[in-house]
Amino acid sequence: MKKFPVEASLLLVDDDPNIIQVLSRILSDYSTLRFATSGADALQLSQQATPDLILLDAQMGDMSGLQVCEALKADPALADVPVIFVSSHQESELEVAVLQMGAVDFIRKPFNAQQVLARVNTQLKLKRLSDDLRRLSRIDGLTGLANEAAYAETLARESARAAEAGQAVSVVLIEVDFFQSFEALYDRKATDACLAAVGDALRRSARRPGDAAARLDRERFALVLPDTSADDALHVTNRALRAVETLDISHQGSAVSRHVTCSAGVACLDAARRGELTAAGVAAVDALGASAAKALEAAIAAGRAQAAVAACEVPTAMAADAG
């Protein structure tokens, strides 16, 4: 009977190739095994493709295992990768030191194969549980979209990436029109169904892999559109508003339509404007959020069921604070 590999990516780090060969044989059932014989190579491989688990020699020539672990924990993208230290040293002080640094386990050489497998399996199971909990903590339970915390992280990440690449990034704030009236007229089941349908329409409208849709609060949503100009962001936004209207959800409490509609505010930050914000001491994410909120207010004031665009500038209050 054919044995299928266990889906997991392990990085084995040891400056002794013989030790790597031993570990490779023990862990041969795992789908992806990568190897590094130096701390520098271990960090480079981890950054290229994040492993599910790292087995790390405590003593190496170029960098000690403790230095490698410290560098991993200092990198936000790698900080949550579990690290199991391996060492021939028997001193309990070393084991305590690596556990205090953030390692999840400590295995002594020479290896007991069953012990190595058991400990690796345990840490991989714990990581999967942790990943699932982290993923759930970033998802809005009603719509399945990213929640407000995940939106803030996405916006910060995409803003930093846009700055590095010299690209634009756009943000759209979207609000269901007259939603309080909708809640007053319809039951909880209908209101939840409405929000779930609106969220799905927005998700389908943000079509590119890098685009992200989020639900910020009861009736307010957001889109983060990397490498997107103001004109293109407005096009995506109008498509999203039409998608919501196409749902044809009855709304007898709306002053603008017989069905559910949304208003939206669009803000775009390009490379030229970013320099002005930096000079003023204003964070790009703050300026983007404030400008999108200003645009949403303009769309609401203009009669709702439409989108408005606001230039991403330094808001007066922020400029005063910066000064």
# chains A, B, ... in the order shown; residues from 1 in each chain; ligands from 1
$ residues_around --residues "Ala243 (chain A)" --least-positions-apart "5" --cutoff "9 Å" --atoms "only C-alpha atoms" --output "list in words"
Val198, Ala201, Leu202, Arg204, Ser205 and Asn238 of chain A
$ select_by_dssp --residues "region 32-245 of chain A" --states "alpha helix (DSSP H)" --output "MDAnalysis selection string"
chainID A and resid 39:48 65:74 92:101 113:136 148:165 179:185 188:205 230:245
$ atom_distance --atom1 "CA of Val169 (chain A)" --atom2 "CA of Cys268 (chain A)"
5.8 Å
$ closest_atom_pairs --of "region 57-82 of chain A" --to "region 108-127 of chain A" --cutoff "9 Å" --atoms "only C-alpha atoms" --output "tab-separated table"
residue	atom	partner	partner_atom	distance
A:Asp80	CA	A:Lys127	CA	8.6
A:Val81	CA	A:Lys127	CA	8.1
A:Pro82	CA	A:Gln123	CA	7.2
$ closest_residue --among "A:Leu173, A:Ala40, A:Leu185, A:Ala233" --to "Phe221 (chain A)" --atoms "only C-alpha atoms"
A:Leu173
$ atom_distance --atom1 "CA of Ala272 (chain A)" --atom2 "CA of Ser229 (chain A)"
12.5 Å
$ residues_around --residues "region 178-180 of chain A" --least-positions-apart "5" --cutoff "8 Å" --atoms "only C-alpha atoms" --output "PyMOL selection string"
chain A and resi 219+253-255
$ residues_around --residues "Ala299 (chain A)" --least-positions-apart "4" --cutoff "10 Å" --atoms "only C-alpha atoms" --output "ChimeraX atom specification"
/A:262-266,293-295,303-309
$ atom_distance --atom1 "CA of Glu175 (chain A)" --atom2 "CA of Asp217 (chain A)"
9.6 Å
$ residues_around --residues "region 158-163 of chain A" --least-positions-apart "5" --cutoff "12 Å" --atoms "only C-alpha atoms" --output "PyMOL selection string"
chain A and resi 151-153+168-171+210-212+223-229+268-275+277-278+283-289
$ residues_around --residues "Ala196 (chain A)" --least-positions-apart "2" --cutoff "12 Å" --atoms "only C-alpha atoms" --output "number ranges by chain"
A: 140-145, 176, 189-194, 198-203, 214-215, 218-219, 221, 244, 247, 249
$ write_last_selection --atoms "N, CA and C atoms" --output "PDB file, in the first residue's frame"
ATOM      1  N   ASP A 140     -14.345  38.128   9.919  1.00  0.00           N
ATOM      2  CA  ASP A 140     -15.671  38.516  10.389  1.00  0.00           C
ATOM      3  C   ASP A 140     -16.595  37.307  10.271  1.00  0.00           C
ATOM      4  N   GLY A 141     -17.196  36.914  11.381  1.00  0.00           N
ATOM      5  CA  GLY A 141     -17.974  35.683  11.406  1.00  0.00           C
ATOM      6  C   GLY A 141     -19.211  35.698  10.536  1.00  0.00           C
ATOM      7  N   LEU A 142     -19.798  36.852  10.322  1.00  0.00           N
ATOM      8  CA  LEU A 142     -21.041  36.925   9.544  1.00  0.00           C
ATOM      9  C   LEU A 142     -20.790  36.864   8.042  1.00  0.00           C
ATOM     10  N   THR A 143     -19.811  37.613   7.570  1.00  0.00           N
ATOM     11  CA  THR A 143     -19.593  37.741   6.128  1.00  0.00           C
ATOM     12  C   THR A 143     -18.451  36.883   5.596  1.00  0.00           C
ATOM     13  N   GLY A 144     -17.560  36.433   6.483  1.00  0.00           N
ATOM     14  CA  GLY A 144     -16.385  35.700   6.026  1.00  0.00           C
ATOM     15  C   GLY A 144     -15.285  36.595   5.492  1.00  0.00           C
ATOM     16  N   LEU A 145     -15.497  37.918   5.525  1.00  0.00           N
ATOM     17  CA  LEU A 145     -14.468  38.858   5.083  1.00  0.00           C
ATOM     18  C   LEU A 145     -13.450  39.072   6.198  1.00  0.00           C
ATOM     19  N   VAL A 176     -23.583  50.790   3.912  1.00  0.00           N
ATOM     20  CA  VAL A 176     -24.945  50.464   3.468  1.00  0.00           C
ATOM     21  C   VAL A 176     -25.850  51.649   3.811  1.00  0.00           C
ATOM     22  N   LYS A 189     -32.651  38.061  11.257  1.00  0.00           N
ATOM     23  CA  LYS A 189     -32.265  37.131  10.208  1.00  0.00           C
ATOM     24  C   LYS A 189     -32.118  37.842   8.867  1.00  0.00           C
ATOM     25  N   ALA A 190     -33.047  38.755   8.566  1.00  0.00           N
ATOM     26  CA  ALA A 190     -33.008  39.490   7.299  1.00  0.00           C
ATOM     27  C   ALA A 190     -31.834  40.454   7.254  1.00  0.00           C
ATOM     28  N   THR A 191     -31.554  41.113   8.385  1.00  0.00           N
ATOM     29  CA  THR A 191     -30.435  42.069   8.403  1.00  0.00           C
ATOM     30  C   THR A 191     -29.099  41.341   8.250  1.00  0.00           C
ATOM     31  N   ASP A 192     -28.961  40.211   8.923  1.00  0.00           N
ATOM     32  CA  ASP A 192     -27.729  39.444   8.787  1.00  0.00           C
ATOM     33  C   ASP A 192     -27.565  38.920   7.355  1.00  0.00           C
ATOM     34  N   ALA A 193     -28.665  38.452   6.762  1.00  0.00           N
ATOM     35  CA  ALA A 193     -28.607  37.964   5.388  1.00  0.00           C
ATOM     36  C   ALA A 193     -28.228  39.087   4.426  1.00  0.00           C
ATOM     37  N   CYS A 194     -28.739  40.287   4.682  1.00  0.00           N
ATOM     38  CA  CYS A 194     -28.410  41.447   3.852  1.00  0.00           C
ATOM     39  C   CYS A 194     -26.920  41.751   3.920  1.00  0.00           C
ATOM     40  N   VAL A 198     -24.188  41.572   0.899  1.00  0.00           N
ATOM     41  CA  VAL A 198     -23.396  42.740   0.523  1.00  0.00           C
ATOM     42  C   VAL A 198     -21.906  42.407   0.585  1.00  0.00           C
ATOM     43  N   GLY A 199     -21.490  41.737   1.646  1.00  0.00           N
ATOM     44  CA  GLY A 199     -20.087  41.353   1.766  1.00  0.00           C
ATOM     45  C   GLY A 199     -19.635  40.470   0.623  1.00  0.00           C
ATOM     46  N   ASP A 200     -20.479  39.533   0.217  1.00  0.00           N
ATOM     47  CA  ASP A 200     -20.132  38.653  -0.896  1.00  0.00           C
ATOM     48  C   ASP A 200     -20.028  39.428  -2.204  1.00  0.00           C
ATOM     49  N   ALA A 201     -20.940  40.393  -2.408  1.00  0.00           N
ATOM     50  CA  ALA A 201     -20.888  41.218  -3.620  1.00  0.00           C
ATOM     51  C   ALA A 201     -19.600  42.033  -3.671  1.00  0.00           C
ATOM     52  N   LEU A 202     -19.179  42.562  -2.535  1.00  0.00           N
ATOM     53  CA  LEU A 202     -17.937  43.341  -2.492  1.00  0.00           C
ATOM     54  C   LEU A 202     -16.723  42.454  -2.743  1.00  0.00           C
ATOM     55  N   ARG A 203     -16.737  41.263  -2.172  1.00  0.00           N
ATOM     56  CA  ARG A 203     -15.623  40.339  -2.386  1.00  0.00           C
ATOM     57  C   ARG A 203     -15.499  39.986  -3.868  1.00  0.00           C
ATOM     58  N   ALA A 214     -13.033  43.907   3.440  1.00  0.00           N
ATOM     59  CA  ALA A 214     -13.147  43.749   4.890  1.00  0.00           C
ATOM     60  C   ALA A 214     -14.456  44.352   5.377  1.00  0.00           C
ATOM     61  N   ARG A 215     -14.908  43.863   6.516  1.00  0.00           N
ATOM     62  CA  ARG A 215     -16.052  44.475   7.201  1.00  0.00           C
ATOM     63  C   ARG A 215     -15.522  45.146   8.461  1.00  0.00           C
ATOM     64  N   ARG A 218     -20.820  47.366  11.888  1.00  0.00           N
ATOM     65  CA  ARG A 218     -22.123  46.804  11.529  1.00  0.00           C
ATOM     66  C   ARG A 218     -22.449  46.948  10.046  1.00  0.00           C
ATOM     67  N   GLU A 219     -22.427  48.188   9.515  1.00  0.00           N
ATOM     68  CA  GLU A 219     -22.822  48.383   8.123  1.00  0.00           C
ATOM     69  C   GLU A 219     -21.731  48.997   7.262  1.00  0.00           C
ATOM     70  N   PHE A 221     -17.973  48.744   5.333  1.00  0.00           N
ATOM     71  CA  PHE A 221     -17.017  47.822   4.726  1.00  0.00           C
ATOM     72  C   PHE A 221     -15.847  48.620   4.152  1.00  0.00           C
ATOM     73  N   VAL A 244     -24.040  45.410  -5.560  1.00  0.00           N
ATOM     74  CA  VAL A 244     -24.952  45.448  -4.415  1.00  0.00           C
ATOM     75  C   VAL A 244     -26.379  45.726  -4.878  1.00  0.00           C
ATOM     76  N   LEU A 247     -28.300  42.853  -6.294  1.00  0.00           N
ATOM     77  CA  LEU A 247     -28.851  41.889  -5.337  1.00  0.00           C
ATOM     78  C   LEU A 247     -30.357  42.061  -5.179  1.00  0.00           C
ATOM     79  N   ILE A 249     -32.205  43.612  -2.942  1.00  0.00           N
ATOM     80  CA  ILE A 249     -32.721  43.364  -1.593  1.00  0.00           C
ATOM     81  C   ILE A 249     -33.674  44.490  -1.232  1.00  0.00           C
TER      82      ILE A 249
END
$ select_by_dssp --residues "region 43-171 of chain A" --states "strand (DSSP E or B)" --output "list in words"
Leu53, Ile54, Leu55, Leu56, Asp57, Val83, Ile84, Phe85, Val86, Ser87, Asp105, Phe106, Ile107, Arg108, Ile139, Ala146, Val169, Ser170 and Val171 of chain A
$ residues_around --residues "Val96 (chain A)" --least-positions-apart "4" --cutoff "12 Å" --atoms "only C-alpha atoms" --output "PyMOL selection string"
chain A and resi 66+85+90-92+100-106
$ closest_residue --among "A:Ser88, A:Ser24, A:Thr32, A:Ser46" --to "Val6 (chain A)" --atoms "only C-alpha atoms"
A:Thr32
$ decode --residues "region 4-18 of chain A" --atoms "N, CA, C and O atoms" --output "PDB file, in the first residue's frame"
ATOM      1  N   PHE A   4       1.369   7.954   1.626  1.00  0.00           N
ATOM      2  CA  PHE A   4       1.394   9.344   1.169  1.00  0.00           C
ATOM      3  C   PHE A   4       2.193  10.208   2.138  1.00  0.00           C
ATOM      4  O   PHE A   4       2.150  10.003   3.361  1.00  0.00           O
ATOM      5  N   PRO A   5       2.951  11.184   1.618  1.00  0.00           N
ATOM      6  CA  PRO A   5       3.758  12.036   2.498  1.00  0.00           C
ATOM      7  C   PRO A   5       2.900  12.945   3.373  1.00  0.00           C
ATOM      8  O   PRO A   5       1.792  13.322   2.988  1.00  0.00           O
ATOM      9  N   VAL A   6       3.404  13.250   4.548  1.00  0.00           N
ATOM     10  CA  VAL A   6       2.744  14.189   5.451  1.00  0.00           C
ATOM     11  C   VAL A   6       2.999  15.597   4.932  1.00  0.00           C
ATOM     12  O   VAL A   6       4.144  15.986   4.698  1.00  0.00           O
ATOM     13  N   GLU A   7       1.919  16.372   4.736  1.00  0.00           N
ATOM     14  CA  GLU A   7       2.066  17.711   4.178  1.00  0.00           C
ATOM     15  C   GLU A   7       2.620  18.675   5.220  1.00  0.00           C
ATOM     16  O   GLU A   7       1.888  19.145   6.093  1.00  0.00           O
ATOM     17  N   ALA A   8       3.887  18.929   5.149  1.00  0.00           N
ATOM     18  CA  ALA A   8       4.545  19.883   6.044  1.00  0.00           C
ATOM     19  C   ALA A   8       5.914  20.209   5.479  1.00  0.00           C
ATOM     20  O   ALA A   8       6.561  19.365   4.853  1.00  0.00           O
ATOM     21  N   SER A   9       6.339  21.444   5.710  1.00  0.00           N
ATOM     22  CA  SER A   9       7.648  21.900   5.247  1.00  0.00           C
ATOM     23  C   SER A   9       8.574  22.060   6.447  1.00  0.00           C
ATOM     24  O   SER A   9       8.306  22.879   7.334  1.00  0.00           O
ATOM     25  N   LEU A  10       9.637  21.274   6.468  1.00  0.00           N
ATOM     26  CA  LEU A  10      10.594  21.321   7.574  1.00  0.00           C
ATOM     27  C   LEU A  10      11.931  21.855   7.069  1.00  0.00           C
ATOM     28  O   LEU A  10      12.368  21.519   5.967  1.00  0.00           O
ATOM     29  N   LEU A  11      12.574  22.664   7.893  1.00  0.00           N
ATOM     30  CA  LEU A  11      13.916  23.160   7.598  1.00  0.00           C
ATOM     31  C   LEU A  11      14.867  22.584   8.642  1.00  0.00           C
ATOM     32  O   LEU A  11      14.702  22.822   9.847  1.00  0.00           O
ATOM     33  N   LEU A  12      15.852  21.818   8.188  1.00  0.00           N
ATOM     34  CA  LEU A  12      16.829  21.192   9.066  1.00  0.00           C
ATOM     35  C   LEU A  12      18.123  21.991   9.001  1.00  0.00           C
ATOM     36  O   LEU A  12      18.692  22.160   7.915  1.00  0.00           O
ATOM     37  N   VAL A  13      18.595  22.465  10.153  1.00  0.00           N
ATOM     38  CA  VAL A  13      19.756  23.351  10.182  1.00  0.00           C
ATOM     39  C   VAL A  13      20.828  22.749  11.094  1.00  0.00           C
ATOM     40  O   VAL A  13      20.622  22.605  12.304  1.00  0.00           O
ATOM     41  N   ASP A  14      21.962  22.415  10.499  1.00  0.00           N
ATOM     42  CA  ASP A  14      23.085  21.868  11.272  1.00  0.00           C
ATOM     43  C   ASP A  14      24.338  21.994  10.417  1.00  0.00           C
ATOM     44  O   ASP A  14      24.286  21.744   9.202  1.00  0.00           O
ATOM     45  N   ASP A  15      25.457  22.368  11.022  1.00  0.00           N
ATOM     46  CA  ASP A  15      26.683  22.499  10.235  1.00  0.00           C
ATOM     47  C   ASP A  15      27.379  21.160  10.023  1.00  0.00           C
ATOM     48  O   ASP A  15      28.422  21.090   9.371  1.00  0.00           O
ATOM     49  N   ASP A  16      26.796  20.080  10.543  1.00  0.00           N
ATOM     50  CA  ASP A  16      27.317  18.730  10.323  1.00  0.00           C
ATOM     51  C   ASP A  16      26.414  18.012   9.331  1.00  0.00           C
ATOM     52  O   ASP A  16      25.272  17.638   9.670  1.00  0.00           O
ATOM     53  N   PRO A  17      26.871  17.778   8.092  1.00  0.00           N
ATOM     54  CA  PRO A  17      26.034  17.105   7.084  1.00  0.00           C
ATOM     55  C   PRO A  17      25.559  15.723   7.532  1.00  0.00           C
ATOM     56  O   PRO A  17      24.492  15.267   7.115  1.00  0.00           O
ATOM     57  N   ASN A  18      26.344  15.047   8.374  1.00  0.00           N
ATOM     58  CA  ASN A  18      25.944  13.725   8.852  1.00  0.00           C
ATOM     59  C   ASN A  18      24.674  13.794   9.699  1.00  0.00           C
ATOM     60  O   ASN A  18      23.799  12.924   9.617  1.00  0.00           O
TER      61      ASN A  18
END
